[in-house]
>>> print(open('input.txt').read())   # compact mmCIF, C-alpha atoms
# COMPACT_ATOMS: atom_id res chain seq x y z
CA MET W 1 32.60 -39.98 -41.08
CA VAL W 2 30.07 -39.83 -43.91
CA PHE W 3 31.64 -39.74 -47.36
CA ALA W 4 31.39 -36.27 -48.90
CA ARG W 5 29.17 -35.93 -51.99
CA SER W 6 31.59 -33.40 -53.46
CA LEU W 7 34.11 -36.22 -53.94
CA ASP W 8 31.98 -37.37 -56.86
CA ARG W 9 33.65 -34.58 -58.86
CA PRO W 10 36.69 -36.14 -60.63
CA ARG W 11 39.09 -33.23 -60.05
CA VAL W 12 38.24 -32.98 -56.34
CA ARG W 13 38.45 -36.75 -55.98
CA ALA W 14 41.89 -36.80 -57.60
CA PHE W 15 43.26 -34.22 -55.14
CA TYR W 16 41.55 -36.04 -52.27
CA ASP W 17 43.24 -39.32 -53.21
CA GLU W 18 46.62 -37.56 -53.33
CA VAL W 19 46.01 -36.02 -49.91
CA MET W 20 45.10 -39.35 -48.38
CA SER W 21 48.17 -41.00 -49.93
CA LEU W 22 50.46 -38.28 -48.56
CA LYS W 23 48.83 -38.55 -45.16
CA GLU W 24 49.41 -42.30 -45.13
CA GLU W 25 53.10 -41.75 -45.89
CA LEU W 26 53.51 -39.29 -43.02
CA GLY W 27 51.42 -41.31 -40.58
CA GLU W 28 51.24 -39.95 -37.05
CA LYS W 29 53.71 -37.19 -37.88
CA LEU W 30 50.87 -35.21 -39.50
CA VAL W 31 47.52 -34.06 -38.12
CA VAL W 32 44.99 -32.30 -40.36
CA LEU W 33 42.37 -30.20 -38.59
CA ALA W 34 39.08 -29.25 -40.30
CA HIS W 35 36.82 -26.53 -38.96
CA HIS W 36 33.06 -27.11 -39.07
CA TYR W 37 32.68 -24.43 -41.77
CA GLN W 38 35.04 -26.05 -44.28
CA ARG W 39 34.01 -27.58 -47.58
CA PRO W 40 32.72 -31.14 -47.11
CA GLU W 41 35.70 -32.75 -48.84
CA ILE W 42 38.09 -30.92 -46.49
CA VAL W 43 36.13 -32.16 -43.49
CA GLU W 44 36.30 -35.64 -44.96
CA ALA W 45 40.09 -35.44 -45.25
CA GLY W 46 40.61 -34.09 -41.73
CA ASP W 47 41.70 -36.18 -38.78
CA PHE W 48 39.53 -34.07 -36.49
CA ARG W 49 36.61 -31.72 -37.01
CA GLY W 50 35.36 -29.08 -34.59
CA ASP W 51 35.50 -25.41 -33.68
CA SER W 52 38.73 -23.45 -33.54
CA PHE W 53 39.70 -24.04 -29.92
CA GLU W 54 38.59 -27.68 -29.81
CA LEU W 55 40.85 -28.39 -32.76
CA SER W 56 43.84 -26.50 -31.36
CA ALA W 57 43.63 -28.41 -28.09
CA LEU W 58 43.25 -31.74 -29.90
CA ALA W 59 46.32 -31.07 -32.02
CA ALA W 60 48.47 -30.17 -29.03
CA ASN W 61 47.50 -33.47 -27.43
CA GLN W 62 48.81 -35.51 -30.37
CA GLU W 63 52.17 -36.37 -28.88
CA LYS W 64 53.63 -37.90 -32.05
CA ALA W 65 52.47 -35.14 -34.39
CA GLU W 66 55.27 -32.96 -35.77
CA PHE W 67 53.18 -31.15 -38.39
CA ILE W 68 49.73 -29.63 -37.84
CA ILE W 69 47.74 -28.29 -40.77
CA PHE W 70 44.76 -26.18 -39.77
CA CYS W 71 42.01 -25.94 -42.37
CA GLY W 72 40.21 -22.84 -41.16
CA VAL W 73 40.80 -19.10 -41.29
CA HIS W 74 44.16 -17.62 -40.35
CA PHE W 75 43.55 -16.77 -36.68
CA MET W 76 42.67 -20.41 -36.05
CA ALA W 77 46.05 -21.58 -37.30
CA GLU W 78 47.66 -18.94 -35.09
CA SER W 79 45.74 -20.29 -32.10
CA ALA W 80 47.00 -23.78 -32.86
CA ARG W 81 50.55 -22.41 -32.96
CA ILE W 82 50.06 -20.69 -29.60
CA VAL W 83 49.06 -23.90 -27.81
CA ALA W 84 51.30 -26.26 -29.81
CA ARG W 85 53.72 -28.51 -27.96
CA ASP W 86 57.48 -28.07 -28.22
CA GLY W 87 58.66 -29.38 -31.55
CA GLN W 88 55.28 -29.07 -33.28
CA ARG W 89 55.01 -26.83 -36.36
CA VAL W 90 51.74 -25.40 -37.65
CA PHE W 91 50.79 -24.77 -41.29
CA HIS W 92 47.84 -23.22 -43.12
CA PRO W 93 46.73 -24.21 -46.64
CA ASN W 94 45.98 -20.64 -47.75
CA LEU W 95 47.53 -17.73 -45.87
CA ASN W 96 45.08 -15.39 -47.63
CA SER W 97 42.15 -17.07 -45.89
CA GLY W 98 41.66 -14.48 -43.16
CA CYS W 99 38.74 -13.43 -40.98
CA PRO W 100 37.25 -9.95 -41.58
CA MET W 101 36.00 -9.78 -38.00
CA ALA W 102 39.42 -10.63 -36.56
CA ASP W 103 40.88 -7.92 -38.80
CA MET W 104 38.57 -5.37 -37.16
CA ALA W 105 40.86 -5.39 -34.11
CA THR W 106 44.58 -4.93 -34.73
CA GLY W 107 47.31 -5.11 -32.13
CA ALA W 108 47.98 -1.38 -32.58
CA GLN W 109 44.31 -0.50 -32.04
CA MET W 110 44.09 -2.72 -28.99
CA LYS W 111 47.22 -1.23 -27.45
CA ARG W 112 45.96 2.32 -28.05
CA ALA W 113 42.53 1.51 -26.58
CA LEU W 114 44.00 -0.02 -23.42
CA THR W 115 46.30 2.98 -22.96
CA GLU W 116 43.46 5.49 -23.39
CA LEU W 117 41.09 3.64 -21.12
CA LYS W 118 43.63 3.24 -18.34
CA GLU W 119 44.12 7.01 -18.36
CA VAL W 120 40.39 7.54 -17.86
CA LEU W 121 39.91 4.57 -15.54
CA PRO W 122 42.98 4.82 -13.31
CA GLU W 123 42.07 2.12 -10.80
CA ALA W 124 44.42 -0.83 -11.20
CA ASP W 125 41.60 -3.37 -11.35
CA SER W 126 39.00 -1.32 -13.17
CA LEU W 127 39.29 -2.80 -16.66
CA VAL W 128 39.78 -6.43 -17.74
CA PRO W 129 40.30 -7.18 -21.44
CA VAL W 130 38.58 -10.26 -22.84
CA ALA W 131 39.55 -11.37 -26.33
CA TYR W 132 37.31 -13.60 -28.39
CA MET W 133 39.12 -16.54 -29.93
CA ASN W 134 38.39 -14.85 -33.27
CA THR W 135 41.27 -12.38 -32.89
CA ASN W 136 44.83 -12.34 -34.11
CA ALA W 137 47.72 -13.43 -31.92
CA ALA W 138 48.85 -9.85 -31.16
CA VAL W 139 45.46 -8.97 -29.66
CA LYS W 140 45.43 -12.17 -27.61
CA ALA W 141 48.92 -11.36 -26.33
CA LEU W 142 47.94 -7.84 -25.24
CA CYS W 143 44.94 -9.34 -23.50
CA GLY W 144 47.06 -11.87 -21.64
CA ASP W 145 49.71 -9.34 -20.67
CA GLY W 146 46.93 -6.98 -19.55
CA GLY W 147 45.50 -9.42 -17.03
CA GLY W 148 42.71 -10.70 -19.25
CA LEU W 149 41.82 -13.93 -20.97
CA VAL W 150 40.52 -15.46 -24.18
CA CYS W 151 37.05 -16.93 -24.60
CA THR W 152 35.08 -18.89 -27.15
CA SER W 153 31.42 -18.56 -28.04
CA SER W 154 30.73 -21.57 -25.81
CA ASN W 155 32.42 -20.26 -22.64
CA ALA W 156 31.96 -16.48 -22.96
CA ASN W 157 29.63 -16.45 -19.96
CA LYS W 158 32.25 -18.13 -17.76
CA ALA W 159 34.94 -15.79 -19.06
CA PHE W 160 32.84 -12.70 -18.33
CA ARG W 161 32.12 -13.91 -14.79
CA TRP W 162 35.83 -14.50 -14.23
CA ALA W 163 36.64 -11.05 -15.56
CA PHE W 164 34.09 -9.39 -13.28
CA GLU W 165 35.80 -11.07 -10.34
CA GLN W 166 39.03 -9.33 -11.37
CA GLY W 167 37.65 -5.86 -12.07
CA ARG W 168 34.54 -3.77 -12.55
CA ARG W 169 34.58 -3.44 -16.34
CA ILE W 170 35.23 -5.59 -19.38
CA LEU W 171 36.61 -4.56 -22.74
CA PHE W 172 35.38 -7.27 -25.09
CA VAL W 173 37.11 -7.60 -28.47
CA PRO W 174 36.11 -7.81 -31.33
CA ASP W 175 32.52 -9.09 -31.75
CA GLU W 176 29.97 -6.67 -30.38
CA HIS W 177 27.12 -9.14 -30.85
CA LEU W 178 28.61 -12.05 -28.93
CA GLY W 179 29.52 -9.58 -26.20
CA ARG W 180 26.05 -8.06 -26.05
CA ASN W 181 24.31 -11.43 -26.11
CA THR W 182 26.55 -12.62 -23.28
CA GLY W 183 25.83 -9.47 -21.28
CA ASN W 184 22.10 -9.89 -21.91
CA ALA W 185 22.24 -13.49 -20.67
CA MET W 186 23.98 -12.27 -17.51
CA GLY W 187 21.35 -9.59 -16.88
CA ILE W 188 23.64 -6.61 -17.54
CA PRO W 189 21.40 -3.58 -18.33
CA ALA W 190 21.63 -2.30 -21.89
CA ASP W 191 22.71 1.15 -20.72
CA GLU W 192 25.75 -0.40 -19.03
CA MET W 193 27.00 -1.87 -22.31
CA LEU W 194 28.65 0.67 -24.61
CA LEU W 195 29.73 0.22 -28.20
CA TYR W 196 33.44 1.12 -28.35
CA ASP W 197 34.56 2.45 -31.73
CA PRO W 198 38.37 2.10 -31.97
CA ALA W 199 38.45 4.72 -34.75
CA LYS W 200 37.29 7.43 -32.32
CA PRO W 201 38.98 8.90 -29.23
CA LEU W 202 37.80 6.99 -26.14
CA GLY W 203 35.66 4.87 -28.45
CA GLY W 204 33.33 7.76 -29.12
CA HIS W 205 32.28 8.34 -25.49
CA ASP W 206 32.95 10.86 -22.76
CA GLU W 207 34.78 9.89 -19.60
CA ASP W 208 31.67 9.75 -17.43
CA ALA W 209 29.95 7.29 -19.76
CA LEU W 210 33.01 5.05 -19.73
CA ARG W 211 33.17 5.10 -15.94
CA ASP W 212 29.51 4.07 -15.71
CA ALA W 213 29.86 1.20 -18.18
CA ARG W 214 30.25 -2.44 -17.19
CA ILE W 215 30.97 -3.83 -20.66
CA LEU W 216 32.70 -2.03 -23.52
CA LEU W 217 31.85 -3.77 -26.79
CA TRP W 218 34.40 -3.39 -29.56
CA LYS W 219 32.78 -2.29 -32.82
CA GLY W 220 33.15 -5.48 -34.82
CA TYR W 221 30.98 -8.21 -36.28
CA CYS W 222 30.85 -11.42 -38.30
CA HIS W 223 29.29 -10.80 -41.71
CA VAL W 224 28.12 -14.42 -41.89
CA HIS W 225 25.98 -14.09 -38.77
CA THR W 226 24.81 -10.48 -39.06
CA TRP W 227 23.23 -11.54 -42.34
CA TYR W 228 20.37 -13.09 -40.37
CA ARG W 229 17.45 -10.80 -39.54
CA PRO W 230 14.16 -11.09 -37.63
CA GLU W 231 12.34 -11.45 -40.95
CA HIS W 232 14.20 -14.72 -41.51
CA ILE W 233 12.88 -16.01 -38.19
CA ALA W 234 9.31 -15.00 -39.07
CA GLU W 235 9.54 -16.66 -42.49
CA ALA W 236 10.90 -19.88 -40.99
CA ARG W 237 8.02 -20.05 -38.50
CA VAL W 238 5.58 -19.84 -41.43
CA ASP W 239 7.46 -22.20 -43.77
CA TYR W 240 8.20 -24.84 -41.11
CA PRO W 241 5.39 -24.95 -38.53
CA GLY W 242 6.58 -26.50 -35.29
CA CYS W 243 10.26 -26.10 -36.17
CA ARG W 244 12.97 -25.21 -33.67
CA ILE W 245 15.40 -22.46 -34.56
CA VAL W 246 18.98 -22.46 -33.26
CA VAL W 247 21.41 -19.65 -34.06
CA HIS W 248 25.00 -18.68 -33.33
CA PRO W 249 25.60 -16.02 -30.63
CA GLU W 250 27.40 -13.82 -33.17
CA CYS W 251 23.93 -12.99 -34.50
CA ASP W 252 22.17 -9.74 -33.64
CA GLU W 253 20.42 -9.74 -30.27
CA ASN W 254 17.01 -9.38 -31.96
CA VAL W 255 17.59 -12.60 -33.91
CA VAL W 256 18.83 -14.39 -30.80
CA GLY W 257 15.79 -13.21 -28.83
CA LEU W 258 13.39 -14.68 -31.40
CA SER W 259 15.17 -18.04 -31.64
CA ASP W 260 14.57 -21.19 -29.60
CA ALA W 261 18.23 -21.76 -28.78
CA VAL W 262 21.60 -20.10 -29.20
CA GLY W 263 25.06 -21.63 -29.07
CA SER W 264 28.46 -22.22 -30.63
CA THR W 265 29.07 -24.36 -33.69
CA SER W 266 29.69 -27.38 -31.46
CA TYR W 267 26.47 -26.64 -29.58
CA ILE W 268 24.56 -26.51 -32.86
CA VAL W 269 26.00 -29.88 -33.89
CA ARG W 270 24.92 -31.42 -30.58
CA TYR W 271 21.49 -29.77 -30.90
CA VAL W 272 20.90 -31.60 -34.17
CA GLN W 273 22.32 -34.85 -32.81
CA LYS W 274 19.82 -34.76 -29.95
CA ALA W 275 16.81 -34.08 -32.19
CA ALA W 276 14.23 -36.79 -32.77
CA PRO W 277 13.59 -38.30 -36.21
CA GLY W 278 11.13 -36.10 -38.07
CA ASP W 279 12.07 -32.91 -36.19
CA THR W 280 12.72 -29.78 -38.19
CA ILE W 281 15.75 -27.80 -37.06
CA VAL W 282 16.36 -24.41 -38.67
CA ILE W 283 19.98 -23.26 -38.28
CA GLY W 284 21.39 -19.76 -38.37
CA THR W 285 25.08 -20.24 -39.07
CA GLU W 286 27.50 -20.82 -41.96
CA VAL W 287 25.84 -22.88 -44.68
CA ASN W 288 28.59 -25.51 -45.05
CA LEU W 289 27.90 -26.74 -41.53
CA THR W 290 24.13 -26.69 -42.07
CA SER W 291 24.40 -28.58 -45.35
CA ARG W 292 26.68 -31.21 -43.86
CA LEU W 293 24.38 -31.77 -40.89
CA ALA W 294 21.43 -32.17 -43.28
CA TYR W 295 23.41 -34.80 -45.18
CA GLU W 296 24.65 -36.67 -42.11
CA TYR W 297 21.27 -36.73 -40.33
CA PRO W 298 18.73 -37.44 -43.09
CA GLU W 299 16.12 -38.53 -40.54
CA ILE W 300 16.02 -34.92 -39.29
CA ASN W 301 14.86 -32.03 -41.46
CA VAL W 302 17.83 -29.65 -41.16
CA VAL W 303 17.42 -26.40 -43.09
CA PRO W 304 19.27 -23.06 -43.17
CA LEU W 305 17.61 -19.99 -41.71
CA SER W 306 19.01 -18.29 -44.81
CA ARG W 307 22.01 -19.14 -46.95
CA SER W 308 25.12 -17.40 -45.57
CA LEU W 309 28.55 -18.53 -46.75
CA CYS W 310 31.99 -17.61 -45.38
CA PRO W 311 34.06 -16.98 -48.54
CA ASN W 312 37.28 -16.95 -46.52
CA MET W 313 36.70 -20.49 -45.25
CA PHE W 314 35.92 -21.43 -48.84
CA ARG W 315 39.39 -20.31 -49.98
CA ILE W 316 40.83 -23.53 -48.64
CA SER W 317 40.54 -26.17 -51.34
CA MET W 318 41.61 -29.76 -51.63
CA GLU W 319 44.27 -28.67 -54.13
CA LYS W 320 45.77 -26.18 -51.65
CA LEU W 321 45.69 -28.79 -48.89
CA ARG W 322 47.50 -31.21 -51.23
CA ASP W 323 50.12 -28.58 -52.08
CA THR W 324 50.74 -27.76 -48.42
CA ILE W 325 51.21 -31.39 -47.39
CA HIS W 326 53.41 -32.10 -50.39
CA ALA W 327 55.69 -29.14 -49.56
CA LEU W 328 56.05 -29.86 -45.83
CA PRO W 329 57.79 -28.26 -44.02
CA ASN W 330 58.65 -25.54 -46.54
CA MET W 331 55.35 -23.77 -47.25
CA ASN W 332 52.75 -21.74 -45.36
CA GLU W 333 54.16 -22.19 -41.86
CA ILE W 334 52.67 -20.05 -39.09
CA ILE W 335 55.49 -18.07 -37.49
CA LEU W 336 54.90 -15.96 -34.36
CA GLU W 337 57.26 -14.00 -32.13
CA GLU W 338 58.01 -15.68 -28.81
CA ASP W 339 56.74 -12.71 -26.76
CA VAL W 340 53.46 -12.83 -28.67
CA ILE W 341 53.15 -16.57 -28.07
CA SER W 342 53.89 -16.07 -24.37
CA GLY W 343 51.24 -13.38 -23.82
CA ALA W 344 48.63 -15.13 -25.93
CA ARG W 345 49.28 -18.47 -24.23
CA LEU W 346 48.78 -16.78 -20.85
CA ALA W 347 45.36 -15.52 -21.95
CA MET W 348 44.41 -18.95 -23.30
CA ASP W 349 45.68 -20.75 -20.19
CA ARG W 350 43.42 -18.56 -18.06
CA MET W 351 40.52 -19.67 -20.20
CA LEU W 352 41.48 -23.32 -19.83
CA ALA W 353 41.57 -22.90 -16.05
CA LEU W 354 37.86 -21.97 -16.14
CA ALA W 355 36.96 -25.57 -16.95
>>> encode(input="input.txt", output="structure tokens")
Amino acid sequence: MVFARSLDRPRVRAFYDEVMSLKEELGEKLVVLAHHYQRPEIVEAGDFRGDSFELSALAANQEKAEFIIFCGVHFMAESARIVARDGQRVFHPNLNSGCPMADMATGAQMKRALTELKEVLPEADSLVPVAYMNTNAAVKALCGDGGGLVCTSSNANKAFRWAFEQGRRILFVPDEHLGRNTGNAMGIPADEMLLYDPAKPLGGHDEDALRDARILLWKGYCHVHTWYRPEHIAEARVDYPGCRIVVHPECDENVVGLSDAVGSTSYIVRYVQKAAPGDTIVIGTEVNLTSRLAYEYPEINVVPLSRSLCPNMFRISMEKLRDTIHALPNMNEIILEEDVISGARLAMDRMLALA
């Protein structure tokens, strides 16, 4: 792992040294997970880096680990708790580091939507809920108990195909853009994808429209990725002739359509890794990942499509990571009800079976 430039700052370096000393004392009992969007010094201190599901699965496979600290937003730590092995406990450095998009779908809203839709769509197999990994545990549990599954941005296509084998329609929660881009890639006509507004009765549609729909897209979005616009693509083509542009599928469909490639954070990392020296890769995702890739692959010209930062990821600092490790196991533990874990694990197990 390349040493983070931010560790040149004395205060950050002091906390980093404390973290590494505490980690050495705990040894294999502790695993620190760092999401791709974290500050560089957090990534440097992590035992593993990756996207939310990759990291959860890696942690669960660490047989000697008793404590898991997830440096990412809150739903990610919940996901790690859902798949954790017996005896493992999961912690989060800053419980206020949430995800606005995940908050756009609450358990109460999801339960109400499923109840309403089942009244309009009475066939037992007519509606299959699919929850994006970027949801809270209660939504995942309702999805699992409702015969659905969880997906990530890298396997949404597989998840949608599985869901269509179970029923005629999908309710996809909560990112309308990932859902629409997945439907577009599958050739689903635009008029068969409806935007479902949970604040309105029946999502703002009449019963006939719902019966005709194939995909119901929950009204939700990621503010980091909806920042990007077609003008950014046009400007990049002018500023970097011959560049290749890769964006995250949480971007608007118009941005995705103008890009050269689209994929998850892990896909974007691999895209840069496969580039040839001298290539220019323009990236449309959270700037911490883009900046780190530019630093780690200096032979490739890696530039942001536009600067877009996730302030919630940024709430996790080296000081808060130090405090959490120092207080183990008495601070910031992720606690979930067993029935929630059971339903959510069912939804995630169905996703794992797709592989």
>>> closest_residue(input="input.txt", among="W:Ala347, W:Val90, W:Leu328, W:Ile170", to="Phe70 (chain W)", atoms="only C-alpha atoms")
W:Val90
>>> residues_around(input="input.txt", residues="Leu55 (chain W)", least_positions_apart="3", cutoff="8 Å", atoms="only C-alpha atoms", output="VMD selection string")
chain W and resid 33 to 35 48 to 52 58 to 59 80
>>> closest_atom_pairs(input="input.txt", of="region 145-251 of chain W", to="region 260-280 of chain W", cutoff="9 Å", atoms="only C-alpha atoms", output="tab-separated table")
residue	atom	partner	partner_atom	distance
W:Thr152	CA	W:Ser264	CA	8.2
W:Ser153	CA	W:Ser264	CA	5.4
W:Ser154	CA	W:Ser264	CA	5.4
W:Tyr240	CA	W:Thr280	CA	7.3
W:Pro241	CA	W:Thr280	CA	8.8
W:Gly242	CA	W:Thr280	CA	7.5
W:Cys243	CA	W:Thr280	CA	4.9
W:Arg244	CA	W:Asp260	CA	5.9
W:Ile245	CA	W:Asp260	CA	5.2
W:Val246	CA	W:Ala261	CA	4.6
W:Val247	CA	W:Val262	CA	4.9
W:His248	CA	W:Gly263	CA	5.2
W:Pro249	CA	W:Gly263	CA	5.8
W:Glu250	CA	W:Ser264	CA	8.8
>>> write_last_selection(input="input.txt", atoms="C-alpha atoms", output="tab-separated table (two decimals), keeping the file's coordinate frame")
chain	number	residue	atom	x	y	z
W	152	THR	CA	35.08	-18.89	-27.15
W	153	SER	CA	31.42	-18.56	-28.04
W	154	SER	CA	30.73	-21.57	-25.81
W	240	TYR	CA	8.20	-24.84	-41.11
W	241	PRO	CA	5.39	-24.95	-38.53
W	242	GLY	CA	6.58	-26.50	-35.29
W	243	CYS	CA	10.26	-26.10	-36.17
W	244	ARG	CA	12.97	-25.21	-33.67
W	245	ILE	CA	15.40	-22.46	-34.56
W	246	VAL	CA	18.98	-22.46	-33.26
W	247	VAL	CA	21.41	-19.65	-34.06
W	248	HIS	CA	25.00	-18.68	-33.33
W	249	PRO	CA	25.60	-16.02	-30.63
W	250	GLU	CA	27.40	-13.82	-33.17
>>> closest_residue(input="input.txt", among="W:Ala45, W:Ser317, W:Ala213, W:Val150", to="Arg11 (chain W)", atoms="all atoms listed in the file")
W:Ser317
>>> closest_residue(input="input.txt", among="W:Glu299, W:Glu165, W:Glu116, W:Asp103", to="Gly203 (chain W)", atoms="all atoms listed in the file")
W:Glu116
>>> atom_distance(input="input.txt", atom1="CA of Ala65 (chain W)", atom2="CA of Ala77 (chain W)")
15.3 Å
>>> atom_distance(input="input.txt", atom1="CA of Leu178 (chain W)", atom2="CA of Cys151 (chain W)")
10.7 Å
>>> residues_near_point(input="input.txt", point="(51.7, -17.0, -38.1)", cutoff="8 Å", atoms="all atoms listed in the file", output="list of chain:residue names")
W:His74, W:Ala77, W:Glu78, W:Arg81, W:Glu333, W:Ile334, W:Ile335, W:Leu336
>>> write_last_selection(input="input.txt", atoms="C-alpha atoms", output="short mmCIF file (atom, residue, chain, number, x, y, z; two decimals), in the coordinates of the input")
data_model
loop_
_atom_site.label_atom_id
_atom_site.label_comp_id
_atom_site.auth_asym_id
_atom_site.auth_seq_id
_atom_site.Cartn_x
_atom_site.Cartn_y
_atom_site.Cartn_z
CA HIS W 74 44.16 -17.62 -40.35
CA ALA W 77 46.05 -21.58 -37.30
CA GLU W 78 47.66 -18.94 -35.09
CA ARG W 81 50.55 -22.41 -32.96
CA GLU W 333 54.16 -22.19 -41.86
CA ILE W 334 52.67 -20.05 -39.09
CA ILE W 335 55.49 -18.07 -37.49
CA LEU W 336 54.90 -15.96 -34.36
#
>>> atom_distance(input="input.txt", atom1="CA of Arg229 (chain W)", atom2="CA of Gly98 (chain W)")
24.8 Å
>>> closest_residue(input="input.txt", among="W:Val128, W:Leu321, W:Pro40, W:Phe75", to="Leu22 (chain W)", atoms="only C-alpha atoms")
W:Leu321
>>> closest_residue(input="input.txt", among="W:Asp239, W:Glu41, W:Asp339, W:Asp252", to="Asn181 (chain W)", atoms="all atoms listed in the file")
W:Asp252
>>> build_atoms(input="input.txt", residues="region 264-276 of chain W", atoms="N, CA, C and O atoms", output="PDB file, keeping the file's coordinate frame")
ATOM      1  N   SER W 264      27.301 -22.127 -29.746  1.00  0.00           N
ATOM      2  CA  SER W 264      28.460 -22.220 -30.630  1.00  0.00           C
ATOM      3  C   SER W 264      28.237 -23.256 -31.722  1.00  0.00           C
ATOM      4  O   SER W 264      27.224 -23.975 -31.739  1.00  0.00           O
ATOM      5  N   THR W 265      29.190 -23.356 -32.637  1.00  0.00           N
ATOM      6  CA  THR W 265      29.070 -24.360 -33.690  1.00  0.00           C
ATOM      7  C   THR W 265      28.965 -25.770 -33.106  1.00  0.00           C
ATOM      8  O   THR W 265      28.165 -26.587 -33.571  1.00  0.00           O
ATOM      9  N   SER W 266      29.757 -26.054 -32.086  1.00  0.00           N
ATOM     10  CA  SER W 266      29.690 -27.380 -31.460  1.00  0.00           C
ATOM     11  C   SER W 266      28.342 -27.597 -30.791  1.00  0.00           C
ATOM     12  O   SER W 266      27.788 -28.708 -30.831  1.00  0.00           O
ATOM     13  N   TYR W 267      27.806 -26.542 -30.187  1.00  0.00           N
ATOM     14  CA  TYR W 267      26.470 -26.640 -29.580  1.00  0.00           C
ATOM     15  C   TYR W 267      25.423 -26.948 -30.646  1.00  0.00           C
ATOM     16  O   TYR W 267      24.530 -27.789 -30.431  1.00  0.00           O
ATOM     17  N   ILE W 268      25.534 -26.284 -31.795  1.00  0.00           N
ATOM     18  CA  ILE W 268      24.560 -26.510 -32.860  1.00  0.00           C
ATOM     19  C   ILE W 268      24.633 -27.948 -33.359  1.00  0.00           C
ATOM     20  O   ILE W 268      23.606 -28.588 -33.619  1.00  0.00           O
ATOM     21  N   VAL W 269      25.853 -28.477 -33.489  1.00  0.00           N
ATOM     22  CA  VAL W 269      26.000 -29.880 -33.890  1.00  0.00           C
ATOM     23  C   VAL W 269      25.302 -30.796 -32.890  1.00  0.00           C
ATOM     24  O   VAL W 269      24.543 -31.704 -33.268  1.00  0.00           O
ATOM     25  N   ARG W 270      25.546 -30.576 -31.606  1.00  0.00           N
ATOM     26  CA  ARG W 270      24.920 -31.420 -30.580  1.00  0.00           C
ATOM     27  C   ARG W 270      23.396 -31.245 -30.575  1.00  0.00           C
ATOM     28  O   ARG W 270      22.657 -32.212 -30.321  1.00  0.00           O
ATOM     29  N   TYR W 271      22.933 -30.044 -30.861  1.00  0.00           N
ATOM     30  CA  TYR W 271      21.490 -29.770 -30.900  1.00  0.00           C
ATOM     31  C   TYR W 271      20.820 -30.634 -31.950  1.00  0.00           C
ATOM     32  O   TYR W 271      19.742 -31.213 -31.714  1.00  0.00           O
ATOM     33  N   VAL W 272      21.446 -30.757 -33.111  1.00  0.00           N
ATOM     34  CA  VAL W 272      20.900 -31.600 -34.170  1.00  0.00           C
ATOM     35  C   VAL W 272      21.012 -33.073 -33.785  1.00  0.00           C
ATOM     36  O   VAL W 272      20.074 -33.860 -33.995  1.00  0.00           O
ATOM     37  N   GLN W 273      22.132 -33.459 -33.204  1.00  0.00           N
ATOM     38  CA  GLN W 273      22.320 -34.850 -32.810  1.00  0.00           C
ATOM     39  C   GLN W 273      21.264 -35.320 -31.809  1.00  0.00           C
ATOM     40  O   GLN W 273      20.879 -36.491 -31.809  1.00  0.00           O
ATOM     41  N   LYS W 274      20.802 -34.411 -30.975  1.00  0.00           N
ATOM     42  CA  LYS W 274      19.820 -34.760 -29.950  1.00  0.00           C
ATOM     43  C   LYS W 274      18.381 -34.702 -30.443  1.00  0.00           C
ATOM     44  O   LYS W 274      17.463 -35.113 -29.726  1.00  0.00           O
ATOM     45  N   ALA W 275      18.166 -34.199 -31.655  1.00  0.00           N
ATOM     46  CA  ALA W 275      16.810 -34.080 -32.190  1.00  0.00           C
ATOM     47  C   ALA W 275      16.235 -35.456 -32.502  1.00  0.00           C
ATOM     48  O   ALA W 275      16.966 -36.417 -32.753  1.00  0.00           O
ATOM     49  N   ALA W 276      14.926 -35.530 -32.470  1.00  0.00           N
ATOM     50  CA  ALA W 276      14.230 -36.790 -32.770  1.00  0.00           C
ATOM     51  C   ALA W 276      13.964 -36.897 -34.268  1.00  0.00           C
ATOM     52  O   ALA W 276      13.828 -35.879 -34.963  1.00  0.00           O
TER      53      ALA W 276
END
